[in-house]
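**Student:** Here it is, the structure in full.
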Amino acid sequence: MHARVRKYGAELQRCRLDAVPVDLGDYHPLKPITVTDSRSRRGGRKGSTSSSSSSSSSVAPDPLSSMLEGTDPLSLFAAASASETPTLSHSSSSVELGRKRRENEEEVGADFEPWSAKRGEILARFTTTEKLSINLFMGSDKNKASSPSSAVSEKVRTRLEELDDLEEGSQRELLNLSQQDYVNRIEELNQSLKEAWSSDQKVKALKIVIQCSKLLSDTSVIQFYPSKFVLITDILDTFGRLVYERIWSMCSDPRPIPDSFSVEDVNDTAKETCLNWFFKIASIRELIPRLYVEAAILKCNRFLNKTGIQETLPRLTAMIRGIGDPLVAVYARAYLCRVGMEVAPHLKDSLNKNFFDLLASFRQIHGDTVQNQLVIQRVEIPVYLTLYSPAIHWILQCVAYRAPDVLLTEMMERCKKLGNNALLLNSVMWAFRPEFVAARATDFIGMIKDCDEAGFPKHLLFGSLGRSLACADPPESERLPILNEAWKVITKVRSPQDYINCAEIWVEFTCRHFTKREVNTVLADIIKHMTPDRAFEDAYPQLQSVMKKILTYFHNFSVLFSMEKFLPFLDMFQKDSVRVEVCKSIMEVFIKHQQEPTRDPVILNALLHVCKTMHDSVNALTVEDEKRSLALLINGFIRMVSFGRDFEQQLSFCVEARATFCNLEPVIIQLIHTVNQLAMETRRVMGGSHSRKTAAFVRACAAYSFITIPSLTSIFSRLHLYLLSGQVALANQCLSQADAFLKAAVSVLPEVPRTISVEGKQRSSEAFLLDFINSFLSTLLVVPDHPEQGVLYLVRGLLNMVQDYTWEDNSDAKVRVYISALPLLAAMSQESYLYTIPKVDSNETLYGGDPKFVAEISRLCETLIGQVLDHLKTLGREEGVRRQGSLAFSLFSTLLAHGDLRNNKLNQLAVNLWNLSHKNGHCDTRTSVRTLEHIKQQAQQPELSHLSDMLLRLSLQSRA
């Protein structure tokens with residue numbers, strides 16, 4: 001092969017685009033586009049009209065602009081629907097808007113925490129190991145069938161008798177049930193309710209609901225009562241929904257009625273059915289089931305009259321006053337408030353009345369009846385008071401929702417008058433808006449001080465106050481006194497679990513408003529309380545929360561690690577899995593918020609300790625995703641370490657890190673990259689000067705990489721890092737080191753396996769290997785031959801490895817490497833190389849265009865072309881015509897770009913390769929046409945005019 005002489009500067013100039021001056025009045029891509037649009041829009045099914053618009057412009061219509069003009073299908077549909085809708089008058093539309101606005105005001109928004117969010121917490125918190133009992137109704141033996149001709153009065157009498165049958169029929173009491181057995185029985189009743197309803201046994205369904213409601217009067221296992229309330233009210237909710245949907249469906253015949261229906265939309269049959277349900281419920285003899293079941297279908301009042309709900313709520317509120325047990329009464333109020341918020345949240349008077357009635361009944365808690373019951377069940381008063389919390393929290397949440405400050409202040413004052421009621425005060429701080437509590441934090445602290453420690457621990461009250469102050473800020477002048485008052489109480493808590501539960505809440509307040517001094521004091525107190533008897537082992541979730549809050553507010557790691565107690569606090573996380581999670585959270589915050597590289601020894605030592613903890617957690621059982629996650633965090637830390645121009649210190653850090661993180665290969669790879677960057681930075685800072693000290697340092701960097709790369713298990717990581725390190729060594733004029741890296745890369749090639757794992761899947765390594773070899777070949781252009789080796793020894797060594805490598809069967813990879821080597825050899829034969837490295841003499845300088853060197857290149861090219869042609873012949877015999885055509889065209893393109901086609905033999909070879917590539921019609925026609933156009937343009941240059949003759953001999957052939 002004879003390489004054509006290249007003039008790279010002239011070729012680059014020809015490739016540049018011509019600059020065309022643009023007049024300010026001409027079209028510019030950033031100027032607004034005037035769209036020409038002439039079309040007719042079809043309307044809906046009735047009264048369709050057409051409209052057209054036009055403007056003079058040669059710019060094509062913008063499809064996105066037309067979409068914005070409303071011509072998309074959805075807009076057309078909306079327009080069609082609008083054309084069929086009668087236009088409202090101004091007055092009627094105003095009325096409609098006013099009605100919608102009132103409805104929005106009456107709805108509960110997303111800022112109201114629903115009951116469903118509290119349900120699971122109550123079931124998990126209020127449990128028991130005592131045995132429970134339940135009464136199951138078995139039905140009566142009486143035959144109460146009635147004939148279809150019965151009068152209405154007879155039907156009513158029969159139904160009443162069926163309800164009486166609940167008490168007269170046989171009942172079976174199940175005793176000694178565990179909590180789970182009890183839950184299962186309740187679920188069976190819920191399922192029985194649904195089955196009875198679906199089989200049109202409405203009276204049986206009502207009996208089940210009444211039976212379940214009766215269970216709410218039983219406080220024999222009082223610790224379980226809140227959970228029992230949750231389970232039973234689930235059944236009541238199901239019943240209420242079934243009744244409402246049944247009556248609503250009766251109104252929807254023949255056409256559905258909207259959700260916002262009025263009484264006028266309800267037919268007589270639906271009204272009669274609805275009244276019948278209320279009459280059935282009114283006949284229930286016992287107060288508690290009658291109250292609960294009527295509350296369950298409260299929404300059905302909408303079918304009867306407009307003010308039904310408004311009139312019923314006060315009556316049900318007053319009924320609750322007849323319940324003697326204060327615990328049963330408070331949960332009945334909670335259920336009524338819950339239903340009221342669902343069906344009529346705007347009726348605030350009933351909610352407020354429930355709360356004030358609750359205040360009036362608080363003296364019952366300390367009465368003899370309750371005290372005697374607690375003695376019998378051996379329940380302490382503090383435990384008993386916590387049973388009220390879910391109900392009172394819920395009632396206060398309903399009352400305080402979007403309530404004006406005047407009402408909240410009145411409620412607060414009434415709570416003060418009760419005096420010494422810690423339970424109520426705790427619920428107030430939970431339910432009231434954080435802003436309201438924060439603004440009056442000092443008043444609340446005064447109320448907390450007045451509470452009796454025996455009934456309800458003060459640290460729980462301060463915990464509730466702290467939750468509010470974590471969401472809203474008190475006045476600035478009051479913050480330090482608030483913290484001091486709170487911590488006086490918290491630090492005296494003896495139980496480590498109670499202590500950390502409260503301290504965790506107030507850590508956020510401390511971090512939010514104070515400096516590292518106060519936070520350090522808090523950490524010292526936590527360590528003091530949690531270290532004895534290794535109490536921290538039972539409080540890892542709370543301690544993790546403390547760490548998370550500190551990291552949320554302290555992003556300056558110099559400040560963070562200068563806290564005397566921060567690292568001792570970190571040492572309390574001694575469970576490996578928890579310790580690693582905490583270290584990961586520290587590193588995530590560091591990587592996210594550290595803006596500038598650091599050399600602070602305090603930060604580096606602390607984070608090295610943190611990263612080593614993560615690294616040391618890796619073992620044979622660690623999954624790859626976890627290793628990858630840890631490596632990313634450690635690499636983020638390594639990238640943020642910089643010693644400026646103290647390059648030796650930076651290299652020492654990398655040496656230490658290599659020993660510390662030896663089990664994570666991605667970290668070792670990152671360190672090698674860091675060292676290579678360090679070598680290049682040294683060269684940049686020194687301005688290219690190559691002093692003895694600089695050269696020694698660069699060689700030290702090269703030595704670091706050379707001894708580290710073999711430790712990697714990934715073959716392609718080794719190959720790429722050998723090549724990269726060799727390039728860095730060349731750039732720093734370290735020729736012997738560069739030569740060692742490149743020879744090492746060549747020696748590793750035979751180790752490349754046929755397949756490699758990529759994202760957990762086995763894939764052929766051939767494509768990755770070809771990609772690497774091409775990168776390697778492009779580097780060899782600037783690598784000078786070793787004086788003690790032969791000409792082109794690295795090129796020959798690479799090609800010999802390629803020749804001996806065991807490629808896949810029916811693979812053309814080896815031949816493609818040979819074709820890829822031809823442009824390199826052609827570039828090496830030029831007088832001036834396409835690119836060089838400053839202060840590195842490439843072969844263009846060493847050989848100076850010596851004829852023997854050029855002849856050696858030509859012989860090597862001839863050998864490679866011969867190998868390619870032999871392979872093409874083999875493909876012809878093996879019927880691999882498609883592969884043959886692709887390779888032939890690839891070799892043709894290489895000869896066209898780099899060969900001297902004035903040589904007749906080479907010219908004829910190019911024509912033959914063109915014909916071979918098109919022989920069987922597998923060549924892409926568009927590619928062929930573009931190639932011919934390129935040859936035609938090239939032939940217009942004087943030095944390439946000979947391509948005109950060759951062009952006449954190239955023709956397009958199609959598949960027969």
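Quick note on naming: the chains in the structure tokens go A, B, ... in the order shown, residues restart at 1 in each chain, and ligands are numbered from 1 in order of appearance.
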Could you produce a table of the residues of region 680-753 of chain A lying within 10 Å of region 767-789 of chain A, with the nearest pair of atoms per residue and their separation in Å rounded to one decimal, using only C-alpha atoms, ordered by chain and increasing residue number, as a tab-separated table?
**Tutor:**
residue	atom	partner	partner_atom	distance
A:Phe716	CA	A:Phe768	CA	8.0
A:Leu719	CA	A:Phe772	CA	7.7
A:His720	CA	A:Phe772	CA	7.2
A:Leu723	CA	A:Phe776	CA	6.9
A:Leu724	CA	A:Phe776	CA	9.6
A:Gly726	CA	A:Thr779	CA	9.2
A:Gln727	CA	A:Thr779	CA	7.5
A:Leu730	CA	A:Val783	CA	7.7
A:Leu735	CA	A:Pro784	CA	8.4
A:Ser736	CA	A:His786	CA	8.7
A:Ala738	CA	A:Val783	CA	8.5
A:Asp739	CA	A:His786	CA	8.0
A:Leu742	CA	A:Phe776	CA	8.5
A:Ala745	CA	A:Phe776	CA	9.0
A:Val746	CA	A:Phe776	CA	9.3
A:Leu749	CA	A:Leu769	CA	8.5
A:Val752	CA	A:Leu769	CA	7.9
A:Pro753	CA	A:Leu769	CA	9.8
**Student:** Take the residues from that selection and write them out as a PDB file, in the first residue's frame, keeping N, CA, C and O atoms.
**Tutor:**
ATOM      1  N   PHE A 716     -10.980  -5.166  31.447  1.00  0.00           N
ATOM      2  CA  PHE A 716     -11.064  -3.948  30.644  1.00  0.00           C
ATOM      3  C   PHE A 716     -10.702  -2.713  31.453  1.00  0.00           C
ATOM      4  O   PHE A 716     -10.201  -1.737  30.899  1.00  0.00           O
ATOM      5  N   LEU A 719      -6.974  -2.710  31.116  1.00  0.00           N
ATOM      6  CA  LEU A 719      -6.548  -2.276  29.781  1.00  0.00           C
ATOM      7  C   LEU A 719      -6.664  -0.763  29.631  1.00  0.00           C
ATOM      8  O   LEU A 719      -5.723  -0.089  29.189  1.00  0.00           O
ATOM      9  N   HIS A 720      -7.816  -0.222  29.984  1.00  0.00           N
ATOM     10  CA  HIS A 720      -8.033   1.214  29.797  1.00  0.00           C
ATOM     11  C   HIS A 720      -7.124   2.039  30.699  1.00  0.00           C
ATOM     12  O   HIS A 720      -6.638   3.108  30.286  1.00  0.00           O
ATOM     13  N   LEU A 723      -3.609   2.074  29.278  1.00  0.00           N
ATOM     14  CA  LEU A 723      -3.534   3.011  28.153  1.00  0.00           C
ATOM     15  C   LEU A 723      -3.547   4.449  28.651  1.00  0.00           C
ATOM     16  O   LEU A 723      -2.737   5.282  28.205  1.00  0.00           O
ATOM     17  N   LEU A 724      -4.468   4.773  29.582  1.00  0.00           N
ATOM     18  CA  LEU A 724      -4.552   6.135  30.103  1.00  0.00           C
ATOM     19  C   LEU A 724      -3.257   6.525  30.806  1.00  0.00           C
ATOM     20  O   LEU A 724      -2.733   7.631  30.603  1.00  0.00           O
ATOM     21  N   GLY A 726      -0.323   5.319  30.330  1.00  0.00           N
ATOM     22  CA  GLY A 726       0.710   5.480  29.318  1.00  0.00           C
ATOM     23  C   GLY A 726       0.616   6.830  28.634  1.00  0.00           C
ATOM     24  O   GLY A 726       1.637   7.487  28.360  1.00  0.00           O
ATOM     25  N   GLN A 727      -0.604   7.270  28.335  1.00  0.00           N
ATOM     26  CA  GLN A 727      -0.781   8.585  27.708  1.00  0.00           C
ATOM     27  C   GLN A 727      -0.329   9.705  28.640  1.00  0.00           C
ATOM     28  O   GLN A 727       0.306  10.677  28.199  1.00  0.00           O
ATOM     29  N   LEU A 730       3.425   9.780  28.676  1.00  0.00           N
ATOM     30  CA  LEU A 730       3.924  10.421  27.444  1.00  0.00           C
ATOM     31  C   LEU A 730       3.813  11.935  27.546  1.00  0.00           C
ATOM     32  O   LEU A 730       4.740  12.675  27.170  1.00  0.00           O
ATOM     33  N   LEU A 735       9.181   8.628  28.915  1.00  0.00           N
ATOM     34  CA  LEU A 735       9.035   7.682  27.810  1.00  0.00           C
ATOM     35  C   LEU A 735       9.170   6.241  28.271  1.00  0.00           C
ATOM     36  O   LEU A 735       8.444   5.362  27.793  1.00  0.00           O
ATOM     37  N   SER A 736      10.099   5.972  29.169  1.00  0.00           N
ATOM     38  CA  SER A 736      10.274   4.583  29.601  1.00  0.00           C
ATOM     39  C   SER A 736       9.044   4.102  30.365  1.00  0.00           C
ATOM     40  O   SER A 736       8.614   2.944  30.225  1.00  0.00           O
ATOM     41  N   ALA A 738       5.970   5.269  29.912  1.00  0.00           N
ATOM     42  CA  ALA A 738       4.908   5.100  28.917  1.00  0.00           C
ATOM     43  C   ALA A 738       5.084   3.788  28.173  1.00  0.00           C
ATOM     44  O   ALA A 738       4.112   3.060  27.925  1.00  0.00           O
ATOM     45  N   ASP A 739       6.315   3.483  27.820  1.00  0.00           N
ATOM     46  CA  ASP A 739       6.594   2.240  27.107  1.00  0.00           C
ATOM     47  C   ASP A 739       6.188   1.027  27.954  1.00  0.00           C
ATOM     48  O   ASP A 739       5.599   0.059  27.453  1.00  0.00           O
ATOM     49  N   LEU A 742       2.284   0.670  27.969  1.00  0.00           N
ATOM     50  CA  LEU A 742       1.722   0.196  26.702  1.00  0.00           C
ATOM     51  C   LEU A 742       2.078  -1.272  26.468  1.00  0.00           C
ATOM     52  O   LEU A 742       1.251  -2.053  25.976  1.00  0.00           O
ATOM     53  N   ALA A 745      -0.207  -3.316  28.521  1.00  0.00           N
ATOM     54  CA  ALA A 745      -1.543  -3.426  27.936  1.00  0.00           C
ATOM     55  C   ALA A 745      -1.566  -4.500  26.855  1.00  0.00           C
ATOM     56  O   ALA A 745      -2.500  -5.312  26.782  1.00  0.00           O
ATOM     57  N   VAL A 746      -0.536  -4.538  26.015  1.00  0.00           N
ATOM     58  CA  VAL A 746      -0.472  -5.544  24.954  1.00  0.00           C
ATOM     59  C   VAL A 746      -0.385  -6.946  25.562  1.00  0.00           C
ATOM     60  O   VAL A 746      -1.022  -7.899  25.080  1.00  0.00           O
ATOM     61  N   LEU A 749      -3.811  -8.406  26.651  1.00  0.00           N
ATOM     62  CA  LEU A 749      -4.826  -8.710  25.637  1.00  0.00           C
ATOM     63  C   LEU A 749      -5.192 -10.194  25.563  1.00  0.00           C
ATOM     64  O   LEU A 749      -6.377 -10.526  25.442  1.00  0.00           O
ATOM     65  N   VAL A 752      -8.130 -11.483  27.750  1.00  0.00           N
ATOM     66  CA  VAL A 752      -9.523 -11.040  27.595  1.00  0.00           C
ATOM     67  C   VAL A 752     -10.407 -12.249  27.308  1.00  0.00           C
ATOM     68  O   VAL A 752     -10.184 -12.970  26.333  1.00  0.00           O
ATOM     69  N   PRO A 753     -11.442 -12.487  28.133  1.00  0.00           N
ATOM     70  CA  PRO A 753     -12.306 -13.652  27.912  1.00  0.00           C
ATOM     71  C   PRO A 753     -13.246 -13.423  26.736  1.00  0.00           C
ATOM     72  O   PRO A 753     -13.450 -12.293  26.286  1.00  0.00           O
TER      73      PRO A 753
END
**Student:** Report as a PyMOL selection string: the residues of region 827-869 of chain A with a DSSP assignment of helix (DSSP H, G or I), based on the backbone of this structure.
**Tutor:** chain A and resi 827-828+843-847+851-869
**Student:** Residues of the last selection are to be written out with N, CA, C and O atoms, as a compact mmCIF listing (two decimals), in the first residue's frame.
**Tutor:**
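Output file result-v2.txt is given in full below:
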# COMPACT_ATOMS: atom_id res chain seq x y z
N ALA A 827 -0.75 7.26 8.40
CA ALA A 827 -0.41 8.50 9.09
C ALA A 827 1.05 8.52 9.50
O ALA A 827 1.70 9.57 9.52
N MET A 828 1.63 7.33 9.84
CA MET A 828 3.02 7.25 10.25
C MET A 828 3.98 7.53 9.09
O MET A 828 5.14 7.90 9.30
N ASN A 843 8.01 9.34 15.85
CA ASN A 843 8.80 8.70 14.78
C ASN A 843 9.04 9.62 13.60
O ASN A 843 9.99 9.43 12.85
N GLU A 844 8.21 10.64 13.40
CA GLU A 844 8.45 11.58 12.30
C GLU A 844 9.76 12.31 12.49
O GLU A 844 10.46 12.64 11.52
N THR A 845 10.14 12.55 13.77
CA THR A 845 11.41 13.21 14.06
C THR A 845 12.55 12.20 14.11
O THR A 845 13.65 12.46 13.61
N LEU A 846 12.27 11.05 14.72
CA LEU A 846 13.33 10.04 14.86
C LEU A 846 13.80 9.52 13.51
O LEU A 846 15.00 9.35 13.28
N TYR A 847 12.88 9.27 12.60
CA TYR A 847 13.25 8.69 11.30
C TYR A 847 13.37 9.74 10.21
O TYR A 847 14.02 9.51 9.18
N PRO A 851 13.57 6.58 3.87
CA PRO A 851 12.92 5.65 2.91
C PRO A 851 12.80 4.24 3.45
O PRO A 851 11.82 3.55 3.16
N LYS A 852 13.79 3.80 4.23
CA LYS A 852 13.70 2.46 4.78
C LYS A 852 12.50 2.34 5.74
O LYS A 852 11.81 1.32 5.77
N PHE A 853 12.25 3.38 6.54
CA PHE A 853 11.13 3.38 7.48
C PHE A 853 9.80 3.35 6.71
O PHE A 853 8.89 2.57 7.03
N VAL A 854 9.73 4.18 5.64
CA VAL A 854 8.50 4.21 4.84
C VAL A 854 8.29 2.88 4.14
O VAL A 854 7.18 2.36 4.05
N ALA A 855 9.39 2.27 3.66
CA ALA A 855 9.27 0.97 2.98
C ALA A 855 8.80 -0.10 3.96
O ALA A 855 8.01 -0.99 3.61
N GLU A 856 9.28 -0.02 5.21
CA GLU A 856 8.85 -0.98 6.22
C GLU A 856 7.35 -0.86 6.48
O GLU A 856 6.64 -1.85 6.63
N ILE A 857 6.89 0.40 6.50
CA ILE A 857 5.44 0.62 6.70
C ILE A 857 4.66 0.04 5.53
O ILE A 857 3.63 -0.62 5.71
N SER A 858 5.16 0.25 4.32
CA SER A 858 4.46 -0.25 3.13
C SER A 858 4.38 -1.77 3.15
O SER A 858 3.36 -2.36 2.79
N ARG A 859 5.49 -2.43 3.55
CA ARG A 859 5.47 -3.89 3.59
C ARG A 859 4.44 -4.40 4.63
O ARG A 859 3.73 -5.38 4.38
N LEU A 860 4.38 -3.71 5.76
CA LEU A 860 3.42 -4.12 6.77
C LEU A 860 1.99 -3.91 6.28
O LEU A 860 1.11 -4.76 6.48
N CYS A 861 1.77 -2.81 5.55
CA CYS A 861 0.44 -2.56 4.98
C CYS A 861 0.09 -3.64 3.97
O CYS A 861 -1.05 -4.13 3.92
N GLU A 862 1.07 -3.99 3.16
CA GLU A 862 0.82 -5.01 2.14
C GLU A 862 0.44 -6.33 2.79
O GLU A 862 -0.47 -7.05 2.33
N THR A 863 1.12 -6.67 3.89
CA THR A 863 0.80 -7.91 4.60
C THR A 863 -0.62 -7.87 5.15
O THR A 863 -1.39 -8.85 5.03
N LEU A 864 -0.99 -6.73 5.74
CA LEU A 864 -2.34 -6.63 6.31
C LEU A 864 -3.41 -6.71 5.24
O LEU A 864 -4.44 -7.39 5.40
N ILE A 865 -3.17 -6.02 4.11
CA ILE A 865 -4.17 -6.07 3.03
C ILE A 865 -4.28 -7.49 2.49
O ILE A 865 -5.38 -7.97 2.18
N GLY A 866 -3.14 -8.17 2.40
CA GLY A 866 -3.18 -9.55 1.94
C GLY A 866 -4.01 -10.42 2.85
O GLY A 866 -4.78 -11.28 2.40
N GLN A 867 -3.86 -10.21 4.18
CA GLN A 867 -4.66 -10.97 5.14
C GLN A 867 -6.16 -10.69 4.96
O GLN A 867 -7.00 -11.61 5.02
N VAL A 868 -6.47 -9.43 4.70
CA VAL A 868 -7.89 -9.07 4.51
C VAL A 868 -8.44 -9.72 3.25
O VAL A 868 -9.55 -10.27 3.24
N LEU A 869 -7.66 -9.67 2.15
CA LEU A 869 -8.14 -10.24 0.89
C LEU A 869 -8.32 -11.76 1.01
O LEU A 869 -9.28 -12.33 0.47
**Student:** Env of Leu347 (chain A): 9 Å cut, atoms = only C-alpha atoms, seq-sep filter 6 positions within chain, self excluded. Answer as a PyMOL selection string.
**Tutor:** chain A and resi 106+310+313+340-341
**Student:** Please produce an output containing all heavy atoms for each residue in the selection, written as a short mmCIF file (atom, residue, chain, number, x, y, z; two decimals), in the first residue's frame.
**Tutor:**
data_model
loop_
_atom_site.label_atom_id
_atom_site.label_comp_id
_atom_site.auth_asym_id
_atom_site.auth_seq_id
_atom_site.Cartn_x
_atom_site.Cartn_y
_atom_site.Cartn_z
N GLU A 106 -66.72 24.05 52.46
CA GLU A 106 -67.26 23.03 53.34
C GLU A 106 -66.50 21.72 53.26
O GLU A 106 -66.76 20.81 54.04
CB GLU A 106 -68.74 22.80 53.00
CG GLU A 106 -69.61 24.02 53.29
CD GLU A 106 -71.03 23.85 52.76
OE1 GLU A 106 -71.29 22.75 52.20
OE2 GLU A 106 -71.85 24.75 52.90
N GLN A 310 -77.90 18.76 60.22
CA GLN A 310 -77.72 19.88 61.16
C GLN A 310 -78.56 19.71 62.42
O GLN A 310 -78.16 20.13 63.51
CB GLN A 310 -78.11 21.19 60.44
CG GLN A 310 -77.80 22.44 61.22
CD GLN A 310 -78.05 23.68 60.40
OE1 GLN A 310 -78.35 23.60 59.20
NE2 GLN A 310 -77.95 24.83 61.01
N LEU A 313 -77.05 16.13 64.55
CA LEU A 313 -75.77 16.19 65.26
C LEU A 313 -75.91 16.69 66.70
O LEU A 313 -75.37 16.08 67.63
CB LEU A 313 -74.77 17.04 64.48
CG LEU A 313 -74.01 16.33 63.35
CD1 LEU A 313 -73.19 17.33 62.55
CD2 LEU A 313 -73.10 15.25 63.91
N GLY A 340 -69.05 13.51 61.58
CA GLY A 340 -69.41 14.89 61.28
C GLY A 340 -68.43 15.56 60.33
O GLY A 340 -68.83 16.30 59.43
N MET A 341 -67.13 15.30 60.50
CA MET A 341 -66.14 15.87 59.60
C MET A 341 -66.26 15.31 58.19
O MET A 341 -65.91 15.97 57.21
CB MET A 341 -64.73 15.62 60.14
CG MET A 341 -64.35 16.47 61.33
SD MET A 341 -64.32 18.25 60.96
CE MET A 341 -62.88 18.35 59.90
#
**Student:** Quick one: everything within 10 Å of Ala695 (chain A), counting only C-alpha atoms, minus sequence neighbours fewer than 5 positions away in the same chain. Send it as a ChimeraX atom specification.
**Tutor:** /A:679,682-683,689-690,700-701,732-734
**Student:** For Ala910 (chain A), which residue out of A:Thr894, A:Ser252, A:Asn619, A:Ser811 is the nearest one, using only C-alpha atoms?
**Tutor:**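 Looking at the shortest contact to Ala910 (chain A), the residue is A:Thr894.
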**Student:** Which polymer residues have any atom within 9 Å of an atom of Leu242 (chain A), counting only C-alpha atoms, with same-chain residues fewer than 5 positions away left out, as a PyMOL selection string?
**Tutor:** chain A and resi 194+197+237+247
**Student:** Got a sec: who's within 12 Å of Ala939 (chain A), counting only C-alpha atoms, leaving out chain neighbours fewer than 3 positions off, as a list in words?
**Tutor:**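 Non-adjacent residues within range: Leu896, Leu901, Leu932, Glu933, His934, Ile935, Lys936, Pro942, Glu943, Leu944, Ser945, His946, Leu947, Ser948, Asp949, Met950, Leu951 and Leu952 of chain A.
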**Student:** Counting only C-alpha atoms, figure out which residue out of A:Ser890, A:Leu792, A:Lys565, A:Val263 gets nearest to Ser917 (chain A).
**Tutor:**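 Among the listed residues, A:Ser890 lies closest to Ser917 (chain A).
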**Student:** Which residues come within 8 Å of Pro326 (chain A), counting only C-alpha atoms, excluding same-chain residues fewer than 2 positions away, as a count of residues only?
**Tutor:** 9
**Student:** Please measure the separation of CA of Asp533 (chain A) and CA of Arg494 (chain A), giving the value in Å to one decimal.
**Tutor:**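 We find that CA of Asp533 (chain A) and CA of Arg494 (chain A) lie 13.0 Å from each other.
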**Student:** Give me, please, the distance in Å between CA of Gln677 (chain A) and CA of His609 (chain A), quoted to one decimal.
**Tutor:**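 Taking CA of Gln677 (chain A) and CA of His609 (chain A), their separation equals 24.8 Å.
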**Student:** Restricting the calculation to only C-alpha atoms: of A:Ser893, A:Thr660, A:Asn904, A:Gln13, which residue gets closest to Thr931 (chain A)?
**Tutor:**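 Checking each candidate against Thr931 (chain A), we get A:Ser893 as the closest.
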**Student:** Could you tell me how far CA of Leu712 (chain A) lies from CA of Ile668 (chain A), in Å and to one decimal?
**Tutor:** 7.9 Å
